[in-house]
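S.K.: Below you'll find data.txt; it's compact mmCIF, C-alpha atoms.
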# COMPACT_ATOMS: atom_id res chain seq x y z
CA MET R 1164 125.56 84.04 104.20
CA GLU R 1165 124.97 86.54 106.97
CA HIS R 1166 125.29 86.46 110.71
CA HIS R 1167 123.78 88.75 113.27
CA LYS R 1168 122.85 88.56 116.90
CA ASN R 1169 119.24 87.65 116.30
CA SER R 1170 120.32 85.27 113.58
CA SER R 1171 117.61 82.85 112.61
CA GLU R 1172 116.33 81.30 109.44
CA LYS R 1173 113.43 83.71 109.66
CA SER R 1174 115.28 86.86 108.73
CA GLY R 1175 117.77 88.12 106.21
CA ILE R 1176 119.42 91.46 105.61
CA THR R 1177 117.92 94.34 103.73
CA THR R 1178 118.97 95.64 100.34
CA GLY R 1179 120.35 98.66 102.22
CA SER R 1180 122.65 96.45 104.30
CA VAL R 1181 123.86 94.63 101.20
CA ALA R 1182 124.60 97.95 99.43
CA THR R 1183 126.45 99.14 102.54
CA ALA R 1184 128.56 95.98 102.72
CA ALA R 1185 129.47 96.28 99.03
CA SER R 1186 130.48 99.92 99.59
CA VAL R 1187 132.72 99.01 102.54
CA ALA R 1188 134.32 96.17 100.55
CA ALA R 1189 135.02 98.54 97.64
CA ILE R 1190 136.72 101.16 99.79
CA LEU R 1191 138.72 98.47 101.58
CA LYS R 1192 139.89 97.21 98.19
CA LEU R 1193 141.40 100.68 97.58
CA THR R 1194 143.33 100.51 100.84
CA ASP R 1195 144.91 97.16 99.90
CA LYS R 1196 142.57 94.90 101.79
CA ALA R 1197 140.37 92.67 99.65
CA PRO R 1198 137.91 91.31 102.20
CA GLU R 1199 135.85 88.19 101.77
CA ILE R 1200 133.70 89.23 104.69
CA VAL R 1201 132.93 92.70 106.02
CA GLN R 1202 131.39 93.84 109.27
CA ILE R 1203 128.92 96.72 109.07
CA SER R 1204 126.95 98.68 111.64
CA ALA R 1205 123.19 98.69 111.08
CA PRO R 1206 120.80 100.72 113.26
CA ASN R 1207 119.98 97.80 115.54
CA ASP R 1208 122.85 95.41 115.06
CA GLU R 1209 126.33 94.60 113.82
CA LEU R 1210 126.07 92.50 110.65
CA THR R 1211 128.64 90.31 108.95
CA VAL R 1212 128.23 90.03 105.19
CA GLU R 1213 130.00 87.84 102.65
CA ILE R 1214 131.49 89.57 99.61
CA GLU R 1215 131.15 87.93 96.21
CA GLU R 1216 133.94 89.81 94.41
CA THR R 1217 136.06 92.98 94.62
CA ILE R 1218 137.61 94.65 91.56
CA GLN R 1219 140.12 97.50 91.52
CA ILE R 1220 139.47 99.79 88.53
CA ASN R 1221 142.26 102.34 89.12
CA LYS R 1222 144.06 103.76 92.13
CA ASN R 1223 141.03 105.83 93.14
CA LYS R 1224 138.21 103.57 92.08
CA ALA R 1225 137.09 100.04 93.02
CA LYS R 1226 133.89 98.09 93.01
CA ALA R 1227 132.48 95.19 94.98
CA ILE R 1228 129.67 92.76 94.30
CA VAL R 1229 127.50 91.27 97.05
CA LYS R 1230 124.70 88.76 96.56
CA LYS R 1231 121.67 89.43 98.70
CA PRO R 1232 121.36 86.38 100.96
CA THR R 1233 118.29 84.22 100.58
CA TYR R 1234 116.08 83.65 103.59
CA ASN R 1235 112.66 82.10 103.94
CA ASP R 1236 110.63 84.86 102.43
CA PRO R 1237 109.13 85.23 98.95
CA ASP R 1238 111.05 88.49 98.48
CA VAL R 1239 111.91 89.17 94.81
CA THR R 1240 115.28 90.65 95.79
CA ARG R 1241 116.62 87.41 97.27
CA GLY R 1242 119.81 86.27 95.59
CA ILE R 1243 120.24 89.37 93.40
CA GLU R 1244 123.61 91.04 92.98
CA ILE R 1245 124.17 94.54 94.28
CA ILE R 1246 127.24 96.42 93.09
CA SER R 1247 128.87 99.40 94.76
CA GLU R 1248 131.53 101.42 92.97
CA VAL R 1249 133.52 103.75 95.20
CA THR R 1250 135.59 106.61 93.78
CA LEU R 1251 137.87 108.57 96.11
CA THR R 1252 137.72 112.37 95.77
CA ASP R 1253 139.70 115.27 97.22
CA VAL R 1254 136.71 116.73 99.07
CA ALA R 1255 137.75 115.73 102.58
CA GLY R 1256 135.14 113.81 104.55
CA GLU R 1257 132.37 114.30 101.94
CA ILE R 1258 130.50 111.16 100.86
CA GLU R 1259 128.12 111.48 97.93
CA ILE R 1260 125.67 108.71 97.11
CA THR R 1261 124.45 108.14 93.60
CA ALA R 1262 123.18 105.20 91.58
CA GLY R 1263 123.48 103.40 88.27
CA ASP R 1264 121.41 100.79 86.44
CA GLY R 1265 118.58 99.07 88.23
CA VAL R 1266 118.07 101.58 91.04
CA GLY R 1267 114.77 103.38 90.52
CA LYS R 1268 114.12 107.10 90.35
CA VAL R 1269 111.36 108.84 92.30
CA THR R 1270 108.69 110.52 90.14
CA LYS R 1271 105.87 111.17 92.65
CA PRO R 1272 105.81 113.19 95.86
CA GLY R 1273 104.97 111.49 99.17
CA LEU R 1274 107.97 109.22 99.54
CA GLN R 1275 110.89 109.82 101.90
CA ILE R 1276 113.03 110.83 98.92
CA PRO R 1277 112.27 113.93 96.81
CA VAL R 1278 111.11 113.69 93.18
CA GLY R 1279 114.00 113.26 90.75
CA GLU R 1280 116.32 111.54 93.25
CA PHE R 1281 117.38 107.90 93.23
CA ALA R 1282 115.12 105.70 95.36
CA ILE R 1283 117.60 105.01 98.13
CA ASN R 1284 115.88 105.68 101.43
CA PRO R 1285 117.36 107.91 104.18
CA VAL R 1286 118.30 105.02 106.50
CA PRO R 1287 120.37 103.12 103.89
CA ARG R 1288 121.97 106.42 102.74
CA LYS R 1289 123.02 107.16 106.30
CA MET R 1290 124.18 103.58 106.83
CA ILE R 1291 126.36 103.67 103.69
CA LYS R 1292 127.86 107.03 104.69
CA ASN R 1293 128.58 106.06 108.31
CA ASN R 1294 130.18 102.77 107.37
CA VAL R 1295 132.28 104.12 104.48
CA LYS R 1296 133.44 107.09 106.57
CA LYS R 1297 135.31 104.74 108.92
CA TYR R 1298 137.66 103.72 106.11
CA LEU R 1299 138.16 107.01 104.27
CA PRO R 1300 141.87 107.83 103.86
CA ALA R 1301 142.97 111.15 105.41
CA ASN R 1302 141.78 114.25 103.47
CA LYS R 1303 139.70 112.17 101.07
CA GLY R 1304 136.01 112.00 100.27
CA ALA R 1305 134.12 109.44 98.18
CA ILE R 1306 131.41 109.03 95.58
CA VAL R 1307 129.46 105.81 96.15
CA LYS R 1308 127.50 104.52 93.17
CA ILE R 1309 125.06 101.67 93.75
CA SER R 1310 123.75 99.57 90.89
CA ILE R 1311 121.52 96.51 90.70
CA PRO R 1312 121.91 94.71 87.35
CA GLU R 1313 118.62 92.80 87.81
CA GLY R 1314 116.74 95.83 89.11
CA LYS R 1315 114.83 96.67 85.95
CA ASN R 1316 113.69 93.08 85.45
CA ILE R 1317 112.36 92.57 88.95
CA ALA R 1318 110.81 96.04 89.37
CA PRO R 1319 107.45 94.97 87.87
CA LYS R 1320 107.13 92.37 90.65
CA THR R 1321 107.36 95.04 93.36
CA MET R 1322 105.15 97.92 94.54
CA ASN R 1323 107.57 100.38 92.90
CA SER R 1324 105.65 101.40 89.81
CA ARG R 1325 102.53 102.11 91.90
CA LEU R 1326 104.62 104.39 94.09
CA GLY R 1327 106.05 106.23 91.10
CA ILE R 1328 109.50 104.66 91.22
CA ILE R 1329 110.68 104.04 87.64
CA ASP R 1330 113.52 102.18 85.91
CA GLY R 1331 114.44 99.95 88.82
CA ILE R 1332 113.86 99.01 92.42
CA SER R 1333 114.23 100.99 95.60
CA ILE R 1334 116.77 100.45 98.33
CA LEU R 1335 114.86 100.32 101.56
CA GLY R 1336 115.44 99.15 105.09
CA THR R 1337 115.02 100.78 108.44
CA THR R 1338 116.83 98.34 110.69
CA GLY R 1339 119.21 96.60 108.30
CA ILE R 1340 117.58 93.25 108.97
CA ALA R 1341 114.86 92.00 106.63
CA ARG R 1342 111.87 90.33 108.22
CA PRO R 1343 109.54 88.01 106.34
CA MET R 1344 106.77 89.60 104.34
CA SER R 1345 104.11 88.94 106.95
CA SER R 1346 105.51 91.89 108.75
CA LYS R 1347 107.07 95.28 108.79
CA ALA R 1348 108.96 95.68 105.52
CA TYR R 1349 105.88 94.55 103.63
CA THR R 1350 103.31 96.57 105.58
CA ASP R 1351 105.58 99.63 105.30
CA SER R 1352 105.58 99.34 101.52
CA LEU R 1353 101.77 99.11 101.53
CA ARG R 1354 101.49 102.09 103.87
CA VAL R 1355 103.57 104.33 101.59
CA GLN R 1356 100.71 104.25 99.06
CA ILE R 1357 98.64 106.31 101.51
CA ASP R 1358 101.42 108.93 101.76
CA VAL R 1359 101.65 109.14 97.97
CA ALA R 1360 97.87 109.58 97.63
CA ILE R 1361 97.82 112.35 100.26
CA ALA R 1362 100.86 114.09 98.74
CA ASN R 1363 98.99 114.14 95.43
CA GLY R 1364 96.00 115.79 97.07
CA TYR R 1365 93.56 112.85 97.04
CA LYS R 1366 91.08 112.74 99.93
CA ASP R 1367 88.74 110.05 98.57
CA LEU R 1368 90.48 106.70 98.25
CA LEU R 1369 89.59 103.25 96.99
CA PHE R 1370 90.97 100.39 99.10
CA VAL R 1371 91.28 97.06 97.27
CA PRO R 1372 92.66 93.70 98.46
CA GLY R 1373 95.05 93.39 95.50
CA ASN R 1374 95.47 93.07 91.75
CA ILE R 1375 91.96 91.79 91.05
CA GLY R 1376 90.38 94.79 92.77
CA THR R 1377 92.73 97.15 90.95
CA ARG R 1378 91.86 95.58 87.59
CA ILE R 1379 88.08 95.72 88.18
CA ALA R 1380 88.31 99.31 89.47
CA ASN R 1381 90.13 100.44 86.33
CA GLU R 1382 87.61 98.64 84.12
CA ARG R 1383 84.55 100.04 85.88
CA MET R 1384 85.55 103.46 87.22
CA GLU R 1385 87.15 106.70 86.19
CA ILE R 1386 89.86 106.78 88.82
CA GLU R 1387 93.47 107.88 89.16
CA GLU R 1388 96.08 105.21 89.84
CA ASP R 1389 97.20 106.96 93.03
CA GLN R 1390 93.67 106.83 94.47
CA ILE R 1391 93.73 103.02 94.42
CA ILE R 1392 95.35 101.63 97.56
CA GLU R 1393 96.19 97.94 97.69
CA MET R 1394 95.84 96.70 101.25
CA SER R 1395 96.71 93.02 100.73
CA ASN R 1396 95.35 91.08 103.73
CA PHE R 1397 96.09 93.90 106.15
CA VAL R 1398 92.69 95.59 106.12
CA GLY R 1399 92.70 96.74 109.75
CA TYR R 1400 96.30 97.95 109.63
CA MET R 1401 95.77 99.95 106.43
CA LEU R 1402 92.49 101.52 107.59
CA GLU R 1403 94.09 102.49 110.89
CA GLU R 1404 97.10 104.06 109.12
CA ALA R 1405 94.72 106.00 106.86
CA ASP R 1406 92.68 107.13 109.86
CA LYS R 1407 95.81 108.30 111.73
CA THR R 1408 96.69 110.75 108.96
CA GLY R 1409 93.50 112.73 109.59
CA LYS R 1410 93.61 113.81 105.94
CA ILE R 1411 91.23 111.38 104.27
CA ASN R 1412 87.53 112.14 103.77
CA SER R 1413 86.27 108.82 102.48
CA ILE R 1414 87.36 105.27 101.82
CA THR R 1415 85.52 102.97 99.44
CA ILE R 1416 86.30 99.32 100.13
CA PHE R 1417 86.13 97.64 96.76
CA GLY R 1418 86.92 94.24 95.36
CA HIS R 1419 86.07 90.63 94.80
CA ALA R 1420 83.56 88.99 97.12
CA GLY R 1421 85.95 86.30 98.39
CA LYS R 1422 88.14 88.68 100.41
CA LEU R 1423 85.66 91.41 101.32
CA ILE R 1424 82.96 89.28 102.91
CA LYS R 1425 85.37 88.41 105.74
CA ILE R 1426 85.30 92.05 106.89
CA ALA R 1427 81.54 91.71 107.52
CA ALA R 1428 82.41 89.14 110.20
CA GLY R 1429 84.86 91.52 111.85
CA ILE R 1430 87.87 89.79 110.28
CA PHE R 1431 90.32 92.63 109.62
CA ASN R 1432 93.23 90.41 108.61
CA THR R 1433 91.90 88.45 105.66
CA LYS R 1434 94.81 86.02 105.26
CA GLN R 1435 93.47 82.52 104.67
CA SER R 1436 95.55 80.98 107.44
CA VAL R 1437 94.43 83.62 109.97
CA ALA R 1438 90.70 83.25 109.43
CA ASP R 1439 88.55 81.73 106.75
CA ALA R 1440 84.88 81.88 107.58
CA ARG R 1441 83.60 82.57 104.09
CA ARG R 1442 81.08 79.77 103.89
CA GLU R 1443 79.77 80.45 107.41
CA ILE R 1444 79.37 84.16 106.56
CA MET R 1445 77.60 83.42 103.27
CA THR R 1446 75.32 80.87 104.96
CA ALA R 1447 74.43 83.28 107.79
CA TYR R 1448 73.60 86.22 105.52
CA THR R 1449 71.53 84.04 103.20
CA ALA R 1450 69.66 82.66 106.24
CA LEU R 1451 68.90 86.24 107.39
CA LEU R 1452 67.04 86.72 104.11
CA GLY R 1453 64.86 83.66 104.72
CA ALA R 1454 66.40 81.00 102.45
CA ASP R 1455 65.33 77.39 103.04
CA THR R 1456 67.49 74.76 104.70
CA LYS R 1457 68.40 72.99 101.45
CA THR R 1458 69.74 76.25 99.94
CA LEU R 1459 71.70 76.99 103.11
CA GLN R 1460 73.23 73.50 103.10
CA ASP R 1461 74.21 73.87 99.44
CA ILE R 1462 75.87 77.21 100.18
CA TYR R 1463 77.68 75.81 103.22
CA ASN R 1464 79.13 73.04 101.04
CA CYS R 1465 80.46 75.40 98.35
CA LEU R 1466 84.22 75.68 97.92
CA THR R 1467 84.34 79.13 96.33
CA THR R 1468 82.40 82.36 96.61
CA GLU R 1469 81.74 82.26 92.86
CA ASP R 1470 79.93 78.90 93.39
CA VAL R 1471 77.86 80.48 96.17
CA ILE R 1472 76.84 83.26 93.76
CA LYS R 1473 75.48 80.66 91.30
CA ILE R 1474 73.16 79.28 94.02
CA LEU R 1475 72.11 82.78 95.10
CA ASP R 1476 71.39 83.68 91.45
CA LYS R 1477 68.99 80.73 91.16
CA ASN R 1478 67.14 81.98 94.25
CA ASN R 1479 67.18 85.67 93.24
CA LEU R 1480 69.10 86.43 96.42
CA THR R 1481 72.46 87.61 95.07
CA ILE R 1482 71.99 91.36 95.33
CA PRO R 1483 70.07 91.33 98.65
CA VAL R 1484 72.74 89.12 100.30
CA PHE R 1485 75.71 91.19 99.12
CA GLU R 1486 74.04 94.50 99.92
CA LEU R 1487 73.41 93.24 103.45
CA ILE R 1488 77.09 92.23 103.69
CA ALA R 1489 78.18 95.65 102.35
CA ASP R 1490 76.01 97.38 104.99
CA LYS R 1491 77.75 95.37 107.70
CA ILE R 1492 81.23 96.16 106.33
CA ILE R 1493 80.37 99.88 106.37
CA GLU R 1494 78.90 99.64 109.88
CA LEU R 1495 81.95 97.85 111.33
CA CYS R 1496 84.41 100.23 109.67
CA ASN R 1497 82.45 103.25 110.92
CA LEU R 1498 82.61 101.90 114.46
CA LYS R 1499 86.40 101.65 114.31
CA TYR R 1500 87.54 104.61 112.22
CA ASP R 1501 86.57 108.25 111.85
CA ILE R 1502 86.24 108.28 108.04
CA GLU R 1503 83.23 108.05 105.73
CA PHE R 1504 83.01 104.49 104.37
CA HIS R 1505 81.48 102.88 101.29
CA ALA R 1506 81.63 99.24 100.23
CA ILE R 1507 81.26 97.81 96.74
CA ILE R 1508 81.51 94.07 96.11
CA ALA R 1509 82.18 92.70 92.62
CA LYS R 1510 82.41 89.40 90.78
CA MET R 1511 85.59 88.34 88.99
CA ASP R 1512 84.16 89.55 85.69
CA GLY R 1513 83.56 93.03 87.12
CA GLU R 1514 79.79 92.71 87.63
CA ILE R 1515 78.81 94.78 90.69
CA LEU R 1516 76.88 92.77 93.29
CA THR R 1517 75.86 95.83 95.34
CA PRO R 1518 74.22 98.09 92.72
CA SER R 1519 72.33 100.35 95.17
CA LYS R 1520 75.67 101.33 96.76
CA MET R 1521 77.15 102.57 93.47
CA LYS R 1522 75.49 105.99 93.63
CA ASP R 1523 77.06 106.77 97.03
CA VAL R 1524 80.73 106.49 96.07
CA PRO R 1525 82.68 109.65 95.12
CA PHE R 1526 83.89 108.12 91.85
CA LYS R 1527 82.40 108.14 88.34
CA TRP R 1528 81.34 104.81 86.85
CA LYS R 1529 82.18 103.95 83.27
Rewrite the coordinates I just gave you, this time as structure tokens.

M.R.:
Amino acid sequence: MEHHKNSSEKSGITTGSVATAASVAAILKLTDKAPEIVQISAPNDELTVEIEETIQINKNKAKAIVKKPTYNDPDVTRGIEIISEVTLTDVAGEIEITAGDGVGKVTKPGLQIPVGEFAINPVPRKMIKNNVKKYLPANKGAIVKISIPEGKNIAPKTMNSRLGIIDGISILGTTGIARPMSSKAYTDSLRVQIDVAIANGYKDLLFVPGNIGTRIANERMEIEEDQIIEMSNFVGYMLEEADKTGKINSITIFGHAGKLIKIAAGIFNTKQSVADARREIMTAYTALLGADTKTLQDIYNCLTTEDVIKILDKNNLTIPVFELIADKIIELCNLKYDIEFHAIIAKMDGEILTPSKMKDVPFKWK
């Protein structure tokens, strides 16, 4: 359980706050206090965190275990245990942060942490140091070692491997309070992909909605993993962040028809609950190409884009309709952002529905 001033069911505390609380509990254990609850200072708040267990190892070493509180967000780190082991040293006032099992290591440039270091971001590092410092005995320093027993198992469910973080998860957090995935922590993790791509020297990027786009891109193109940027539903946000860098020459928007067609209607947040005008868009673009009323009604009554494609196939309209949609996507993106745009729309099986656009993209086709 956690309490903080803005306490509400909608937020939790970040992995960084949990690691900090465990570190404070461990150092308190060494000074004869075995707390069940600790108070820590986060950048924007004072947080109270419950401690699962504290264990004294010897007179200079103790560890504490804290469970990351669950809150209403599909975050894979909810409920996991984070362990901090604190060892007192004779280097007065020095606090060194290191990590054990389950905390990832950085292997690609572009993140806030240099290659070869443990993936504990600057804000959590500072938070751990500032909070532990308050309890350091006179003339002592400390080595703080963070481990996450479940880290290796849950890493595949996070963005980590795409960002070049191996063997575990990263410890993030800028404010200490975790917000649900609709917002900042999630969009920040998407944004980092752009930094990694730029740090690796890529100026032509492929933006995909998610796993399906990534899979089709790898099947159909010769492309480096770091050139593929997953944007989730946050199309406008990600394009704007890319534009702000001023370092990207071209973006190819690529993926399955179901998500991409929304952009042609000026929908730059493609989340279903925000806007779903797929059948209206498909009906309108088919009408622009002169289809009869019966065909338009059939399309309007379809539940999925793949069903629409079957009707378009029968009428020999598939490619003309999707190329028209791709033109509109490119036009709208060009109006908003100062980058060269391409758009390629595909079926689930990888068939490209906009063949005339394939020659324009700066990638090789397989």

S.K.: Can you list, as a PyMOL selection string, every protein, DNA or RNA residue that comes within 10 Å of Ile1218 in chain R when you count only C-alpha atoms, leaving out same-chain residues fewer than 3 positions away?

M.R.: chain R and resi 1188-1189+1192-1193+1197+1221+1224-1228+1248

S.K.: When distances are computed from all atoms listed in the file, which of R:Leu1480, R:Ala1360, R:Val1278, R:Ala1440 shows the smallest separation from Asp1455 in chain R?

M.R.: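 The shortest atom-to-atom distance to Asp1455 in chain R comes from R:Leu1480.
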
S.K.: Give me, as a PDB file with C-alpha atoms, keeping the file's coordinate frame, all polymer residues having an atom no more than 10 Å from range 1464-1471 of chain R, counting only C-alpha atoms and skipping those fewer than 6 positions away in the same chain.

M.R.:
ATOM      1  CA  HIS R1419      86.070  90.630  94.800  1.00  0.00           C
ATOM      2  CA  ALA R1420      83.560  88.990  97.120  1.00  0.00           C
ATOM      3  CA  GLY R1421      85.950  86.300  98.390  1.00  0.00           C
ATOM      4  CA  LYS R1422      88.140  88.680 100.410  1.00  0.00           C
ATOM      5  CA  ILE R1424      82.960  89.280 102.910  1.00  0.00           C
ATOM      6  CA  ARG R1441      83.600  82.570 104.090  1.00  0.00           C
ATOM      7  CA  ARG R1442      81.080  79.770 103.890  1.00  0.00           C
ATOM      8  CA  GLU R1443      79.770  80.450 107.410  1.00  0.00           C
ATOM      9  CA  MET R1445      77.600  83.420 103.270  1.00  0.00           C
ATOM     10  CA  THR R1446      75.320  80.870 104.960  1.00  0.00           C
ATOM     11  CA  THR R1458      69.740  76.250  99.940  1.00  0.00           C
ATOM     12  CA  THR R1481      72.460  87.610  95.070  1.00  0.00           C
ATOM     13  CA  LYS R1510      82.410  89.400  90.780  1.00  0.00           C
ATOM     14  CA  MET R1511      85.590  88.340  88.990  1.00  0.00           C
TER      15      MET R1511
END

S.K.: Between CA of Ala1282 in chain R and CA of Asn1412 in chain R, what is the distance in Å, rounded to a tenth?

M.R.: 29.6 Å

S.K.: Near range 1298-1304 of chain R, within 8 Å and counting all atoms listed in the file, which residues show up once chain neighbours fewer than 3 positions away are dropped, as a VMD selection string?

M.R.: chain R and resid 1187 1190 to 1191 1251 to 1258 1294 to 1295

S.K.: Pull out range 1352-1367 of chain R, keep N, CA and C atoms, and write it as a PDB file, in the first residue's frame.

M.R.:
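Output file selection.pdb follows:
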ATOM      1  N   SER R1352       8.418   5.933 -22.702  1.00  0.00           N
ATOM      2  CA  SER R1352       9.133   4.723 -23.123  1.00  0.00           C
ATOM      3  C   SER R1352       9.045   4.550 -24.640  1.00  0.00           C
ATOM      4  N   LEU R1353       7.954   5.025 -25.253  1.00  0.00           N
ATOM      5  CA  LEU R1353       7.858   4.973 -26.715  1.00  0.00           C
ATOM      6  C   LEU R1353       8.836   5.969 -27.337  1.00  0.00           C
ATOM      7  N   ARG R1354       8.878   7.159 -26.735  1.00  0.00           N
ATOM      8  CA  ARG R1354       9.712   8.245 -27.253  1.00  0.00           C
ATOM      9  C   ARG R1354      11.192   7.880 -27.295  1.00  0.00           C
ATOM     10  N   VAL R1355      11.640   7.131 -26.292  1.00  0.00           N
ATOM     11  CA  VAL R1355      13.060   6.769 -26.186  1.00  0.00           C
ATOM     12  C   VAL R1355      13.539   6.045 -27.446  1.00  0.00           C
ATOM     13  N   GLN R1356      12.627   5.332 -28.125  1.00  0.00           N
ATOM     14  CA  GLN R1356      13.020   4.624 -29.353  1.00  0.00           C
ATOM     15  C   GLN R1356      13.602   5.596 -30.384  1.00  0.00           C
ATOM     16  N   ILE R1357      13.028   6.812 -30.422  1.00  0.00           N
ATOM     17  CA  ILE R1357      13.505   7.821 -31.379  1.00  0.00           C
ATOM     18  C   ILE R1357      14.940   8.217 -31.023  1.00  0.00           C
ATOM     19  N   ASP R1358      15.204   8.411 -29.725  1.00  0.00           N
ATOM     20  CA  ASP R1358      16.560   8.771 -29.281  1.00  0.00           C
ATOM     21  C   ASP R1358      17.567   7.685 -29.654  1.00  0.00           C
ATOM     22  N   VAL R1359      17.156   6.428 -29.461  1.00  0.00           N
ATOM     23  CA  VAL R1359      18.051   5.304 -29.775  1.00  0.00           C
ATOM     24  C   VAL R1359      18.349   5.280 -31.278  1.00  0.00           C
ATOM     25  N   ALA R1360      17.320   5.480 -32.091  1.00  0.00           N
ATOM     26  CA  ALA R1360      17.510   5.467 -33.552  1.00  0.00           C
ATOM     27  C   ALA R1360      18.469   6.570 -33.982  1.00  0.00           C
ATOM     28  N   ILE R1361      18.276   7.776 -33.419  1.00  0.00           N
ATOM     29  CA  ILE R1361      19.139   8.915 -33.776  1.00  0.00           C
ATOM     30  C   ILE R1361      20.574   8.660 -33.305  1.00  0.00           C
ATOM     31  N   ALA R1362      20.711   8.144 -32.079  1.00  0.00           N
ATOM     32  CA  ALA R1362      22.055   7.876 -31.535  1.00  0.00           C
ATOM     33  C   ALA R1362      22.792   6.842 -32.380  1.00  0.00           C
ATOM     34  N   ASN R1363      22.037   5.984 -33.056  1.00  0.00           N
ATOM     35  CA  ASN R1363      22.655   4.978 -33.920  1.00  0.00           C
ATOM     36  C   ASN R1363      22.807   5.466 -35.361  1.00  0.00           C
ATOM     37  N   GLY R1364      22.515   6.736 -35.567  1.00  0.00           N
ATOM     38  CA  GLY R1364      22.779   7.350 -36.875  1.00  0.00           C
ATOM     39  C   GLY R1364      21.700   7.156 -37.918  1.00  0.00           C
ATOM     40  N   TYR R1365      20.514   6.679 -37.535  1.00  0.00           N
ATOM     41  CA  TYR R1365      19.460   6.468 -38.535  1.00  0.00           C
ATOM     42  C   TYR R1365      18.659   7.749 -38.761  1.00  0.00           C
ATOM     43  N   LYS R1366      18.478   8.105 -40.034  1.00  0.00           N
ATOM     44  CA  LYS R1366      17.718   9.315 -40.369  1.00  0.00           C
ATOM     45  C   LYS R1366      16.418   8.984 -41.114  1.00  0.00           C
ATOM     46  N   ASP R1367      16.312   7.736 -41.572  1.00  0.00           N
ATOM     47  CA  ASP R1367      15.084   7.277 -42.231  1.00  0.00           C
ATOM     48  C   ASP R1367      14.451   6.218 -41.339  1.00  0.00           C
TER      49      ASP R1367
END
